[in-house]
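Raw contents of data-v4.pdb, PDB, C-alpha atoms, pLDDT in the B column:
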```pdb
MODEL        1
ATOM      1  CA  MET A 250     -78.168  90.215  59.566  1.00 61.00           C
ATOM      2  CA  LYS A 251     -77.226  89.546  55.942  1.00 62.00           C
ATOM      3  CA  LYS A 252     -77.981  86.117  54.488  1.00 65.00           C
ATOM      4  CA  TYR A 253     -75.442  84.511  52.246  1.00 60.00           C
ATOM      5  CA  THR A 254     -76.398  82.077  49.578  1.00 63.00           C
ATOM      6  CA  ALA A 255     -74.045  79.556  48.192  1.00 59.00           C
ATOM      7  CA  ILE A 256     -73.130  80.095  44.600  1.00 61.00           C
ATOM      8  CA  LYS A 257     -73.136  76.902  42.636  1.00 61.00           C
ATOM      9  CA  THR A 258     -70.223  76.794  40.283  1.00 57.00           C
ATOM     10  CA  PRO A 259     -70.349  74.490  37.322  1.00 57.00           C
ATOM     11  CA  VAL A 260     -68.114  71.450  37.503  1.00 54.00           C
ATOM     12  CA  SER A 261     -65.202  71.739  35.133  1.00 52.00           C
ATOM     13  CA  GLU A 262     -64.714  68.728  32.950  1.00 52.00           C
ATOM     14  CA  VAL A 263     -62.073  67.978  30.411  1.00 50.00           C
ATOM     15  CA  ASN A 264     -63.433  66.185  27.421  1.00 49.00           C
ATOM     16  CA  GLU A 265     -61.070  64.544  25.007  1.00 45.00           C
ATOM     17  CA  PRO A 266     -62.095  63.793  21.471  1.00 43.00           C
ATOM     18  CA  ALA A 267     -62.950  60.120  21.155  1.00 40.00           C
ATOM     19  CA  ILE A 268     -61.045  59.932  17.885  1.00 41.00           C
ATOM     20  CA  ALA A 269     -57.785  60.280  19.828  1.00 41.00           C
ATOM     21  CA  TYR A 270     -58.263  56.718  21.012  1.00 39.00           C
ATOM     22  CA  GLN A 271     -59.521  55.150  17.825  1.00 41.00           C
ATOM     23  CA  LEU A 272     -57.720  53.541  14.951  1.00 43.00           C
ATOM     24  CA  SER A 273     -58.670  54.491  11.469  1.00 45.00           C
ATOM     25  CA  GLY A 274     -58.247  53.070   8.043  1.00 50.00           C
ATOM     26  CA  ASN A 275     -60.052  50.693   5.756  1.00 59.00           C
ATOM     27  CA  LEU A 276     -57.556  47.922   6.488  1.00 72.00           C
ATOM     28  CA  PHE A 277     -58.827  47.580  10.018  1.00 69.00           C
ATOM     29  CA  GLY A 278     -62.308  47.416   8.541  1.00 67.00           C
ATOM     30  CA  SER A 279     -61.181  44.260   6.710  1.00 65.00           C
ATOM     31  CA  LEU A 280     -60.404  42.674  10.061  1.00 72.00           C
ATOM     32  CA  PHE A 281     -63.266  43.975  12.156  1.00 70.00           C
ATOM     33  CA  GLY A 282     -66.321  43.888   9.946  1.00 64.00           C
ATOM     34  CA  GLY A 283     -66.244  46.938   7.718  1.00 57.00           C
ATOM     35  CA  PRO A 284     -65.248  50.591   8.019  1.00 50.00           C
ATOM     36  CA  GLY A 285     -68.499  51.695   9.672  1.00 43.00           C
ATOM     37  CA  HIS A 286     -68.041  49.207  12.499  1.00 46.00           C
ATOM     38  CA  LEU A 287     -64.473  50.343  13.083  1.00 44.00           C
ATOM     39  CA  ASN A 288     -65.437  53.921  13.854  1.00 46.00           C
ATOM     40  CA  LEU A 289     -67.050  52.641  17.048  1.00 53.00           C
ATOM     41  CA  MET A 290     -64.005  50.636  18.146  1.00 67.00           C
ATOM     42  CA  SER A 291     -61.416  51.917  20.581  1.00 76.00           C
ATOM     43  CA  ASP A 292     -57.903  50.564  20.935  1.00 80.00           C
ATOM     44  CA  PHE A 293     -59.168  48.524  23.885  1.00 83.00           C
ATOM     45  CA  ASP A 294     -61.910  46.987  21.734  1.00 79.00           C
ATOM     46  CA  ILE A 295     -59.266  45.979  19.206  1.00 79.00           C
ATOM     47  CA  LEU A 296     -57.077  44.653  22.028  1.00 83.00           C
ATOM     48  CA  SER A 297     -59.961  42.546  23.275  1.00 84.00           C
ATOM     49  CA  SER A 298     -60.650  41.215  19.779  1.00 80.00           C
ATOM     50  CA  SER A 299     -57.012  40.308  19.310  1.00 82.00           C
ATOM     51  CA  ARG A 300     -57.027  38.407  22.603  1.00 88.00           C
ATOM     52  CA  ASN A 301     -60.150  36.507  21.571  1.00 90.00           C
ATOM     53  CA  GLY A 302     -58.993  35.860  18.019  1.00 91.00           C
ATOM     54  CA  LEU A 303     -60.590  36.707  14.686  1.00 91.00           C
ATOM     55  CA  PRO A 304     -62.300  34.523  12.091  1.00 93.00           C
ATOM     56  CA  LYS A 305     -60.226  33.226   9.197  1.00 94.00           C
ATOM     57  CA  HIS A 306     -62.317  35.151   6.658  1.00 94.00           C
ATOM     58  CA  SER A 307     -61.264  38.436   8.287  1.00 91.00           C
ATOM     59  CA  LEU A 308     -57.587  37.580   7.993  1.00 93.00           C
ATOM     60  CA  MET A 309     -58.024  36.479   4.394  1.00 95.00           C
ATOM     61  CA  ALA A 310     -59.881  39.717   3.567  1.00 93.00           C
ATOM     62  CA  LEU A 311     -56.892  41.660   4.896  1.00 93.00           C
ATOM     63  CA  ALA A 312     -54.435  39.549   2.867  1.00 95.00           C
ATOM     64  CA  LYS A 313     -56.482  40.187  -0.268  1.00 94.00           C
ATOM     65  CA  LYS A 314     -56.751  43.928   0.435  1.00 94.00           C
ATOM     66  CA  ILE A 315     -52.972  44.270   0.777  1.00 95.00           C
ATOM     67  CA  SER A 316     -52.295  41.988  -2.215  1.00 95.00           C
ATOM     68  CA  LEU A 317     -50.478  39.191  -0.419  1.00 96.00           C
ATOM     69  CA  THR A 318     -50.511  35.705  -1.870  1.00 95.00           C
ATOM     70  CA  LEU A 319     -51.570  32.850   0.391  1.00 95.00           C
ATOM     71  CA  GLN A 320     -47.912  31.777   0.563  1.00 95.00           C
ATOM     72  CA  GLU A 321     -46.693  35.267   1.546  1.00 95.00           C
ATOM     73  CA  PHE A 322     -49.449  35.618   4.123  1.00 96.00           C
ATOM     74  CA  ALA A 323     -48.766  32.168   5.586  1.00 96.00           C
ATOM     75  CA  ASN A 324     -45.031  32.950   5.852  1.00 96.00           C
ATOM     76  CA  ILE A 325     -45.735  36.196   7.692  1.00 96.00           C
ATOM     77  CA  MET A 326     -48.174  34.452  10.019  1.00 95.00           C
ATOM     78  CA  HIS A 327     -45.761  31.530  10.653  1.00 94.00           C
ATOM     79  CA  ILE A 328     -48.417  29.016   9.694  1.00 94.00           C
ATOM     80  CA  SER A 329     -48.341  26.491   6.868  1.00 94.00           C
ATOM     81  CA  GLU A 330     -50.430  27.219   3.810  1.00 94.00           C
ATOM     82  CA  ARG A 331     -52.122  23.852   4.181  1.00 96.00           C
ATOM     83  CA  THR A 332     -53.133  24.513   7.790  1.00 93.00           C
ATOM     84  CA  LEU A 333     -54.492  27.915   6.813  1.00 92.00           C
ATOM     85  CA  GLN A 334     -56.458  26.351   3.958  1.00 93.00           C
ATOM     86  CA  ARG A 335     -57.945  23.704   6.260  1.00 95.00           C
ATOM     87  CA  TYR A 336     -59.558  26.245   8.566  1.00 94.00           C
ATOM     88  CA  GLU A 337     -63.220  26.966   7.857  1.00 95.00           C
ATOM     89  CA  ASP A 338     -64.010  30.618   7.069  1.00 94.00           C
ATOM     90  CA  ASP A 339     -65.710  31.160  10.433  1.00 94.00           C
ATOM     91  CA  THR A 340     -63.022  29.396  12.478  1.00 94.00           C
ATOM     92  CA  ILE A 341     -61.542  31.703  15.103  1.00 93.00           C
ATOM     93  CA  ILE A 342     -57.809  31.944  14.520  1.00 91.00           C
ATOM     94  CA  LYS A 343     -55.369  31.871  17.438  1.00 88.00           C
ATOM     95  CA  THR A 344     -54.301  35.042  19.203  1.00 88.00           C
ATOM     96  CA  GLU A 345     -50.743  35.071  17.860  1.00 89.00           C
ATOM     97  CA  TYR A 346     -51.990  35.055  14.258  1.00 91.00           C
ATOM     98  CA  THR A 347     -54.606  37.690  15.010  1.00 90.00           C
ATOM     99  CA  GLU A 348     -51.949  39.901  16.577  1.00 91.00           C
ATOM    100  CA  LYS A 349     -49.766  39.570  13.506  1.00 93.00           C
ATOM    101  CA  ALA A 350     -52.723  40.462  11.261  1.00 92.00           C
ATOM    102  CA  ILE A 351     -53.438  43.569  13.325  1.00 91.00           C
ATOM    103  CA  GLU A 352     -49.782  44.555  13.064  1.00 92.00           C
ATOM    104  CA  LEU A 353     -49.987  44.083   9.276  1.00 94.00           C
ATOM    105  CA  ALA A 354     -53.063  46.310   9.129  1.00 92.00           C
ATOM    106  CA  ARG A 355     -51.258  48.951  11.224  1.00 91.00           C
ATOM    107  CA  LEU A 356     -48.219  48.829   8.938  1.00 96.00           C
ATOM    108  CA  TYR A 357     -50.175  49.081   5.712  1.00 95.00           C
ATOM    109  CA  THR A 358     -52.350  51.865   7.144  1.00 92.00           C
ATOM    110  CA  ARG A 359     -49.189  53.764   8.081  1.00 94.00           C
ATOM    111  CA  GLY A 360     -47.691  53.108   4.653  1.00 96.00           C
ATOM    112  CA  GLU A 361     -50.832  54.416   2.985  1.00 94.00           C
ATOM    113  CA  GLU A 362     -50.546  57.603   5.076  1.00 93.00           C
ATOM    114  CA  VAL A 363     -46.898  58.134   4.123  1.00 95.00           C
ATOM    115  CA  PHE A 364     -47.270  57.264   0.427  1.00 96.00           C
ATOM    116  CA  GLY A 365     -50.698  58.851   0.006  1.00 94.00           C
ATOM    117  CA  SER A 366     -51.964  55.703  -1.685  1.00 94.00           C
ATOM    118  CA  LEU A 367     -52.288  52.074  -0.676  1.00 95.00           C
ATOM    119  CA  ASP A 368     -51.383  50.957  -4.205  1.00 96.00           C
ATOM    120  CA  LYS A 369     -48.112  52.929  -4.152  1.00 97.00           C
ATOM    121  CA  PHE A 370     -47.232  51.475  -0.754  1.00 97.00           C
ATOM    122  CA  LYS A 371     -48.024  47.913  -1.882  1.00 97.00           C
ATOM    123  CA  GLN A 372     -45.738  48.413  -4.875  1.00 97.00           C
ATOM    124  CA  TRP A 373     -42.959  49.767  -2.615  1.00 97.00           C
ATOM    125  CA  MET A 374     -43.370  46.759  -0.292  1.00 98.00           C
ATOM    126  CA  LYS A 375     -42.598  44.372  -3.170  1.00 97.00           C
ATOM    127  CA  THR A 376     -39.631  46.324  -4.546  1.00 97.00           C
ATOM    128  CA  PRO A 377     -36.088  45.233  -3.586  1.00 97.00           C
ATOM    129  CA  LEU A 378     -34.502  48.157  -1.740  1.00 96.00           C
ATOM    130  CA  HIS A 379     -30.913  49.090  -1.037  1.00 95.00           C
ATOM    131  CA  VAL A 380     -31.781  50.151   2.513  1.00 94.00           C
ATOM    132  CA  PHE A 381     -32.877  46.546   3.206  1.00 96.00           C
ATOM    133  CA  LYS A 382     -29.770  45.044   1.540  1.00 96.00           C
ATOM    134  CA  GLY A 383     -31.646  44.278  -1.668  1.00 96.00           C
ATOM    135  CA  GLU A 384     -34.556  42.517   0.035  1.00 97.00           C
ATOM    136  CA  THR A 385     -38.173  43.472  -0.468  1.00 97.00           C
ATOM    137  CA  PRO A 386     -39.832  45.013   2.582  1.00 98.00           C
ATOM    138  CA  VAL A 387     -42.569  42.353   2.478  1.00 97.00           C
ATOM    139  CA  SER A 388     -39.905  39.660   2.919  1.00 97.00           C
ATOM    140  CA  LEU A 389     -38.951  41.226   6.282  1.00 97.00           C
ATOM    141  CA  LEU A 390     -42.417  40.796   7.775  1.00 97.00           C
ATOM    142  CA  ASP A 391     -41.743  37.337   9.157  1.00 95.00           C
ATOM    143  CA  THR A 392     -40.163  38.928  12.261  1.00 95.00           C
ATOM    144  CA  SER A 393     -41.082  41.752  14.608  1.00 95.00           C
ATOM    145  CA  ILE A 394     -37.663  43.289  13.901  1.00 97.00           C
ATOM    146  CA  GLY A 395     -38.587  43.424  10.212  1.00 97.00           C
ATOM    147  CA  PHE A 396     -41.826  45.235  11.038  1.00 97.00           C
ATOM    148  CA  ASP A 397     -39.819  47.653  13.149  1.00 97.00           C
ATOM    149  CA  MET A 398     -37.319  48.307  10.351  1.00 97.00           C
ATOM    150  CA  ILE A 399     -40.128  49.134   7.921  1.00 98.00           C
ATOM    151  CA  PHE A 400     -41.915  51.412  10.412  1.00 97.00           C
ATOM    152  CA  LYS A 401     -38.612  53.258  10.991  1.00 96.00           C
ATOM    153  CA  GLU A 402     -37.992  53.610   7.267  1.00 96.00           C
ATOM    154  CA  LEU A 403     -41.495  55.015   6.796  1.00 96.00           C
ATOM    155  CA  GLY A 404     -40.746  57.548   9.538  1.00 95.00           C
ATOM    156  CA  ARG A 405     -37.523  58.582   7.802  1.00 94.00           C
ATOM    157  CA  MET A 406     -39.320  58.898   4.478  1.00 93.00           C
ATOM    158  CA  GLU A 407     -42.068  61.006   6.030  1.00 90.00           C
ATOM    159  CA  TYR A 408     -39.466  63.480   7.281  1.00 89.00           C
ATOM    160  CA  GLY A 409     -37.345  63.386   4.127  1.00 86.00           C
ATOM    161  CA  ILE A 410     -34.443  61.485   5.661  1.00 80.00           C
ATOM    162  CA  PHE A 411     -33.289  58.885   3.173  1.00 67.00           C
ATOM    163  CA  ALA A 412     -30.572  56.317   3.738  1.00 58.00           C
TER     164      ALA A 412
ENDMDL
END
```

Just give me the structure as structure tokens.
Amino acid sequence: MKKYTAIKTPVSEVNEPAIAYQLSGNLFGSLFGGPGHLNLMSDFDILSSSRNGLPKHSLMALAKKISLTLQEFANIMHISERTLQRYEDDTIIKTEYTEKAIELARLYTRGEEVFGSLDKFKQWMKTPLHVFKGETPVSLLDTSIGFDMIFKELGRMEYGIFA
């Protein structure tokens, strides 16, 4: 009688590149402790950090990196300048402000991708534009709708569709 032996077949696994779930860009490094630290962070890590809040110094580093004055930054965050100034550098800032800062970092990272340069995007953000009825894009950042309008405009620009 013939003996049969079981053939062990290797288990098939699908491996996705980790980078597919990671954010990139130096602006996120401003928020989360430097560009090297960011490479290890997934979207869920960033989500967790936003829920827990970030220290004031991280938010201020972002504002400096994207060339926002304290007044502009405070207006976007919906917090008074004075209150922002009173916080100690290591004070953990509330979730809603952290979320807004992360959204700012996402926007400026996207703008840098579209324009090829952060400096060019920062200049565009402070230029009154016909598409925004003569307002500067940065002046629209006090609402989520304003963020949306700018993201959409960046998408149109990327594909060569101008208003």

Distance of CA of Leu317 (chain A) from CA of Leu378 (chain A), expressed in Å to one decimal place: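 Going from CA of Leu378 (chain A) over to CA of Leu317 (chain A) covers 18.4 Å.
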
Atomic separation - CA of Phe322 (chain A) relative to CA of Lys382 (chain A), Å: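 So the answer is 22.0 Å.
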
Polymer residues at most 7 Å from Gln320 (chain A), all atoms listed in the file, same-chain spacing of 3 or more positions, as a PDB file with C-alpha atoms, in the coordinates of the input:
```pdb
ATOM      1  CA  ALA A 323     -48.766  32.168   5.586  1.00 96.00           C
ATOM      2  CA  ASN A 324     -45.031  32.950   5.852  1.00 96.00           C
ATOM      3  CA  GLU A 330     -50.430  27.219   3.810  1.00 94.00           C
TER       4      GLU A 330
END
```

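Take the candidates A:Leu356, A:Ile325, A:Glu361, A:Leu303 and check each one against Asp338 (chain A) using all atoms listed in the file; the shortest distance goes to A:Leu303.
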
Counting all atoms listed in the file, the residue of A:Glu321, A:Phe370, A:Thr340, A:Leu308 that sits nearest Thr358 (chain A):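 Of A:Glu321, A:Phe370, A:Thr340, A:Leu308, the one nearest Thr358 (chain A), counting all atoms listed in the file, is A:Phe370.
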
Minimum-distance residue to Ala310 (chain A), chosen among A:Phe396, A:Ser329, A:Phe281, A:Glu402 (using all atoms listed in the file): A:Phe281

Atomic distance CA of Ser388 (chain A) - CA of Tyr357 (chain A), expressed in Å with one decimal: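 Separation between CA of Ser388 (chain A) and CA of Tyr357 (chain A): 14.2 Å.
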
Selected residue of minimal separation from Arg300 (chain A) among A:Ile342, A:Met326, A:Ala312, A:Leu333, counting all atoms listed in the file: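 Answer, going by the shortest atom-to-atom distance: A:Ile342.
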
Hits from the PyMOL selection byres ((chain A and resi 406-410) around 12), listed as a list in words: Arg359, Gly360, Glu361, Glu362, Val363, Phe364, Gly365, Val380, Ile399, Phe400, Lys401, Glu402, Leu403, Gly404, Arg405, Phe411 and Ala412 of chain A

Which residue of A:Ser316, A:Gly395, A:Tyr336, A:Phe293 approaches Lys375 (chain A) most closely, using only C-alpha atoms: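 For Lys375 (chain A), the nearest of the given residues is A:Ser316.
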
Best match for closeness to Arg355 (chain A) among A:Glu337, A:His306, A:Thr385, A:Ile315, counting only C-alpha atoms: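 Checking each candidate against Arg355 (chain A), we get A:Ile315 as the closest.
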
Residues within 10 Å of Glu348 (chain A), all atoms listed in the file, excluding chain neighbours under 4 positions, as number ranges by chain: A: 295-296, 298-300, 302-303, 326, 343-344, 352-354
